[in-house]
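Enquirer: Supplied in structure tokens, the structure appears directly below.
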Amino acid sequence: MAEIDDQRRRVTRASSIGRCITSCISVFLTQFTLALIPRFLSTSSLLIQLALAALMLLVVLGLGGRCRRVLGVYASAPAFVVLNIIYIWAVYVTVVREVVPLSTDILFHGEVAMLIIGLCSIFKSDPGRVTPGPSLSNELFDGSISEVSQTRSLMGRVRYCRSCEAYIKGFDHHCPAFGNCIGQNNYFLFMTLLAGFLITESSFVACSSKFASKSSILYQTRLEGNMAADLVIGGLLFSLLQLLWQGIFFMWHIYCISFNIRTDEWINWRKYLEFQLQVKSEQGQSSTSLTFHNPYDKGILGNIKDFVS
């Protein structure tokens, strides 16, 4: 039995190493592809380069998905996130740092360090796993909790995550980038980390823009440019795209917090009976219509208090 467990651990370790190597290759290909845009389109506007960068990322992701299906090679999303942070930090240290004031330099290093610490925390955090009884398990799996009371309000927000194969209290969504569910116990950490990403990427955009302005690399021709400058602009494009979708994602969760609703509940509210309200049709008609009703909404201030606590 001990030999079987040891063999399983070796297989798991080898699989994790393989996925990390695949993620490393994916980061290299992604950033190299983005660096080619300013190399060959240096005279184009930043908006055109940004649109092309988004298209190139979609192409790379599509090719990665096809390779995964054909070759059976899988990458680790958390490793991909961490390696991209390390890459951006490396570009900053080796190229951008020379034009940045000391105070800004210290601040940026602090932001990156806090980001790494936050990632390590959320990777191993407990989102709120619970072990409900057998009868309640079937109800939760089917999404058929029908009554909400003060004694069962917390239990009524236990949802089943198919990715983790676990029941999560206050389940919002499963986050592949963090390799973990987002639930009641780590929702605050998730929002803090998301804000940290926005701040760190904004700092890199500001620093790299200053570098580009001082060295005038945005206006050089292809022959005048150098690879270091291309890496900076490629990182700038990557960070801008990250800021775009993460900013939208952050605002969405601000909305969810303000109205005390989870992403899973908003999308699948028809599965959960406590969100369903039967409304009778006009007089003379026997049919009824189904509308959304949030029984957890306590007003914006009350909802924010629940989130913080």
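We label chains A, B, ... in the order they appear in the structure tokens, count residues from 1 in each chain, and number ligands from 1 in the order shown.
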Set the distance at 8 Å and use only C-alpha atoms: which residues neighbour Gln31 in chain A once local chain neighbours fewer than 6 positions away are removed? I'd like the list as a PyMOL selection string.

Expert: chain A and resi 231+234-235+238

Enquirer: Give me a file of those residues, with all heavy atoms, as a tab-separated table (two decimals), in the first residue's frame.

Expert:
chain	number	residue	atom	x	y	z
A	231	LEU	N	10.48	44.21	-26.10
A	231	LEU	CA	9.97	43.49	-24.93
A	231	LEU	C	9.18	44.41	-24.02
A	231	LEU	O	8.15	44.02	-23.45
A	231	LEU	CB	11.13	42.85	-24.17
A	231	LEU	CG	11.85	41.70	-24.87
A	231	LEU	CD1	13.04	41.23	-24.03
A	231	LEU	CD2	10.91	40.54	-25.15
A	234	GLY	N	5.90	45.10	-25.77
A	234	GLY	CA	5.09	43.88	-25.68
A	234	GLY	C	4.49	43.71	-24.30
A	234	GLY	O	3.31	43.36	-24.15
A	235	GLY	N	5.30	43.96	-23.25
A	235	GLY	CA	4.79	43.90	-21.89
A	235	GLY	C	3.75	44.97	-21.62
A	235	GLY	O	2.78	44.74	-20.89
A	238	PHE	N	0.52	43.77	-23.19
A	238	PHE	CA	-0.04	42.69	-22.37
A	238	PHE	C	-0.71	43.26	-21.12
A	238	PHE	O	-1.82	42.86	-20.75
A	238	PHE	CB	1.07	41.71	-21.99
A	238	PHE	CG	0.62	40.59	-21.11
A	238	PHE	CD1	-0.05	39.50	-21.64
A	238	PHE	CD2	0.86	40.61	-19.74
A	238	PHE	CE1	-0.47	38.45	-20.83
A	238	PHE	CE2	0.44	39.58	-18.92
A	238	PHE	CZ	-0.22	38.49	-19.47

Enquirer: Could you write out, as a list in words, all the residues of range 34-255 of chain A that DSSP marks as strand (DSSP E)?

Expert: Arg129, Val130, Val158, Arg159, Tyr160, Cys161, Ala166, Tyr167, Ile168, Lys169, His173, His174, Cys175, Asn180, Cys181 and Ile182 of chain A

Enquirer: Between CA of Ser26 in chain A and CA of Val112 in chain A, what distance in Å does the model show, to one decimal?

Expert: 21.1 Å

Enquirer: Quick one: everything within 9 Å of Cys181 in chain A, counting only C-alpha atoms, minus sequence neighbours fewer than 6 positions away in the same chain. Send it as a list in words.

Expert: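 The residues that qualify are Asp126, Pro127, Gly128, Cys161, Ser163, Cys164, Ile168, Phe171, Asp172, His173, His174 and Cys175 of chain A.
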
Enquirer: Name the closest residue to Glu265 in chain A among the candidates A:Phe28, A:Tyr160, A:Phe197, A:Phe188; distances are taken between atoms, counting only C-alpha atoms.

Expert: A:Tyr160

Enquirer: Report as a ChimeraX atom specification: the residues of range 180-295 of chain A with a DSSP assignment of helix (DSSP H, G or I), based on the backbone of this structure.

Expert: /A:187-215,217-219,227-259,263-267,269-271,273-275

Enquirer: As an exercise, work out the distance from CA of Ile122 in chain A to CA of Trp245 in chain A in Å and give it to one decimal place.

Expert: 20.2 Å

Enquirer: Please provide the set of residues having any atom within 7 Å of range 203-209 of chain A, restricted to only C-alpha atoms, with same-chain residues fewer than 6 positions apart removed, written as a PyMOL selection string.

Expert: chain A and resi 96+100+108+232+236+239

Enquirer: Skipping near chain neighbours, those fewer than 2 positions away, what residues fall within 10 Å of Ile304 in chain A using only C-alpha atoms, listed as a compact mmCIF listing (two decimals) with C-alpha atoms, in the first residue's frame?

Expert:
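What landed in out20.txt:
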# COMPACT_ATOMS: atom_id res chain seq x y z
CA ILE A 254 -18.25 45.43 -6.96
CA CYS A 256 -22.20 41.68 -6.84
CA ILE A 257 -20.96 42.85 -3.44
CA SER A 258 -23.26 45.87 -3.47
CA PHE A 259 -26.34 43.71 -4.09
CA ASN A 260 -25.18 40.59 -2.20
CA LYS A 298 -29.93 43.93 2.73
CA GLY A 299 -29.28 47.24 1.02
CA ILE A 300 -25.91 48.47 -0.22
CA LEU A 301 -24.52 49.37 3.22
CA GLY A 302 -25.72 46.12 4.77
CA ASP A 306 -21.58 41.45 5.22
CA PHE A 307 -18.74 41.34 2.70
CA VAL A 308 -16.21 43.00 5.01
CA SER A 309 -17.22 40.85 7.96

Enquirer: Using only C-alpha atoms, can you tell me which of A:Leu83, A:Leu240, A:Val91, A:Ile182 comes closest to Met227 in chain A?

Expert: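 Comparing A:Leu83, A:Leu240, A:Val91, A:Ile182 against Met227 in chain A, the winner is A:Val91.
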
Enquirer: Neighbours of Leu52 in chain A within 12 Å (only C-alpha atoms; same-chain residues fewer than 2 positions away dropped), as a PDB file with N, CA and C atoms, in the first residue's frame?

Expert:
ATOM      1  N   THR A  33       5.419  36.590 -29.003  1.00  0.00           N
ATOM      2  CA  THR A  33       4.472  37.006 -30.046  1.00  0.00           C
ATOM      3  C   THR A  33       4.107  38.474 -29.896  1.00  0.00           C
ATOM      4  N   LEU A  34       3.881  38.914 -28.662  1.00  0.00           N
ATOM      5  CA  LEU A  34       3.536  40.315 -28.434  1.00  0.00           C
ATOM      6  C   LEU A  34       4.717  41.236 -28.742  1.00  0.00           C
ATOM      7  N   ALA A  35       5.936  40.762 -28.495  1.00  0.00           N
ATOM      8  CA  ALA A  35       7.121  41.581 -28.780  1.00  0.00           C
ATOM      9  C   ALA A  35       7.340  41.765 -30.280  1.00  0.00           C
ATOM     10  N   LEU A  36       6.786  40.863 -31.080  1.00  0.00           N
ATOM     11  CA  LEU A  36       6.937  40.991 -32.537  1.00  0.00           C
ATOM     12  C   LEU A  36       6.085  42.130 -33.103  1.00  0.00           C
ATOM     13  N   ILE A  37       5.033  42.489 -32.384  1.00  0.00           N
ATOM     14  CA  ILE A  37       4.136  43.544 -32.888  1.00  0.00           C
ATOM     15  C   ILE A  37       4.849  44.886 -32.994  1.00  0.00           C
ATOM     16  N   PRO A  38       5.492  45.390 -31.935  1.00  0.00           N
ATOM     17  CA  PRO A  38       6.233  46.654 -32.095  1.00  0.00           C
ATOM     18  C   PRO A  38       7.465  46.515 -32.991  1.00  0.00           C
ATOM     19  N   PHE A  40       7.640  44.902 -35.898  1.00  0.00           N
ATOM     20  CA  PHE A  40       7.283  45.026 -37.308  1.00  0.00           C
ATOM     21  C   PHE A  40       6.218  46.095 -37.565  1.00  0.00           C
ATOM     22  N   LEU A  41       5.564  46.586 -36.493  1.00  0.00           N
ATOM     23  CA  LEU A  41       4.528  47.612 -36.677  1.00  0.00           C
ATOM     24  C   LEU A  41       4.811  48.818 -35.786  1.00  0.00           C
ATOM     25  N   SER A  44       2.849  52.045 -36.382  1.00  0.00           N
ATOM     26  CA  SER A  44       1.394  52.040 -36.160  1.00  0.00           C
ATOM     27  C   SER A  44       1.084  52.653 -34.797  1.00  0.00           C
ATOM     28  N   SER A  45      -0.149  53.120 -34.651  1.00  0.00           N
ATOM     29  CA  SER A  45      -0.566  53.718 -33.379  1.00  0.00           C
ATOM     30  C   SER A  45      -0.680  52.638 -32.311  1.00  0.00           C
ATOM     31  N   LEU A  46      -0.640  53.089 -31.062  1.00  0.00           N
ATOM     32  CA  LEU A  46      -0.735  52.157 -29.943  1.00  0.00           C
ATOM     33  C   LEU A  46      -2.074  51.433 -29.936  1.00  0.00           C
ATOM     34  N   LEU A  47      -3.140  52.095 -30.384  1.00  0.00           N
ATOM     35  CA  LEU A  47      -4.463  51.474 -30.417  1.00  0.00           C
ATOM     36  C   LEU A  47      -4.492  50.310 -31.394  1.00  0.00           C
ATOM     37  N   ILE A  48      -3.869  50.496 -32.568  1.00  0.00           N
ATOM     38  CA  ILE A  48      -3.807  49.414 -33.560  1.00  0.00           C
ATOM     39  C   ILE A  48      -2.972  48.259 -33.024  1.00  0.00           C
ATOM     40  N   GLN A  49      -1.853  48.572 -32.384  1.00  0.00           N
ATOM     41  CA  GLN A  49      -1.006  47.533 -31.816  1.00  0.00           C
ATOM     42  C   GLN A  49      -1.750  46.775 -30.716  1.00  0.00           C
ATOM     43  N   LEU A  50      -2.548  47.487 -29.945  1.00  0.00           N
ATOM     44  CA  LEU A  50      -3.304  46.850 -28.866  1.00  0.00           C
ATOM     45  C   LEU A  50      -4.350  45.896 -29.436  1.00  0.00           C
ATOM     46  N   ALA A  54      -4.463  41.767 -28.958  1.00  0.00           N
ATOM     47  CA  ALA A  54      -5.611  40.978 -28.510  1.00  0.00           C
ATOM     48  C   ALA A  54      -5.891  39.834 -29.479  1.00  0.00           C
ATOM     49  N   LEU A  55      -5.796  40.127 -30.774  1.00  0.00           N
ATOM     50  CA  LEU A  55      -6.025  39.093 -31.788  1.00  0.00           C
ATOM     51  C   LEU A  55      -4.959  38.003 -31.705  1.00  0.00           C
ATOM     52  N   MET A  56      -3.705  38.410 -31.531  1.00  0.00           N
ATOM     53  CA  MET A  56      -2.616  37.440 -31.447  1.00  0.00           C
ATOM     54  C   MET A  56      -2.759  36.556 -30.209  1.00  0.00           C
ATOM     55  N   LEU A  57      -3.203  37.136 -29.111  1.00  0.00           N
ATOM     56  CA  LEU A  57      -3.415  36.334 -27.904  1.00  0.00           C
ATOM     57  C   LEU A  57      -4.501  35.292 -28.110  1.00  0.00           C
ATOM     58  N   LEU A  58      -5.570  35.685 -28.806  1.00  0.00           N
ATOM     59  CA  LEU A  58      -6.632  34.725 -29.102  1.00  0.00           C
ATOM     60  C   LEU A  58      -6.124  33.591 -29.983  1.00  0.00           C
ATOM     61  N   VAL A  59      -5.269  33.926 -30.947  1.00  0.00           N
ATOM     62  CA  VAL A  59      -4.692  32.906 -31.826  1.00  0.00           C
ATOM     63  C   VAL A  59      -3.815  31.941 -31.027  1.00  0.00           C
ATOM     64  N   GLY A 234       5.895  45.101 -25.767  1.00  0.00           N
ATOM     65  CA  GLY A 234       5.090  43.883 -25.683  1.00  0.00           C
ATOM     66  C   GLY A 234       4.491  43.708 -24.298  1.00  0.00           C
ATOM     67  N   LEU A 237       1.651  46.232 -23.871  1.00  0.00           N
ATOM     68  CA  LEU A 237       0.419  45.784 -24.533  1.00  0.00           C
ATOM     69  C   LEU A 237      -0.275  44.703 -23.702  1.00  0.00           C
ATOM     70  N   PHE A 238       0.515  43.772 -23.190  1.00  0.00           N
ATOM     71  CA  PHE A 238      -0.040  42.694 -22.365  1.00  0.00           C
ATOM     72  C   PHE A 238      -0.711  43.261 -21.115  1.00  0.00           C
ATOM     73  N   LEU A 241      -4.045  45.007 -21.884  1.00  0.00           N
ATOM     74  CA  LEU A 241      -5.127  44.045 -22.101  1.00  0.00           C
ATOM     75  C   LEU A 241      -5.587  43.440 -20.778  1.00  0.00           C
TER      76      LEU A 241
END

Enquirer: What gap, in Å, lies between CA of Asp230 in chain A and CA of Phe249 in chain A?

Expert: 28.6 Å
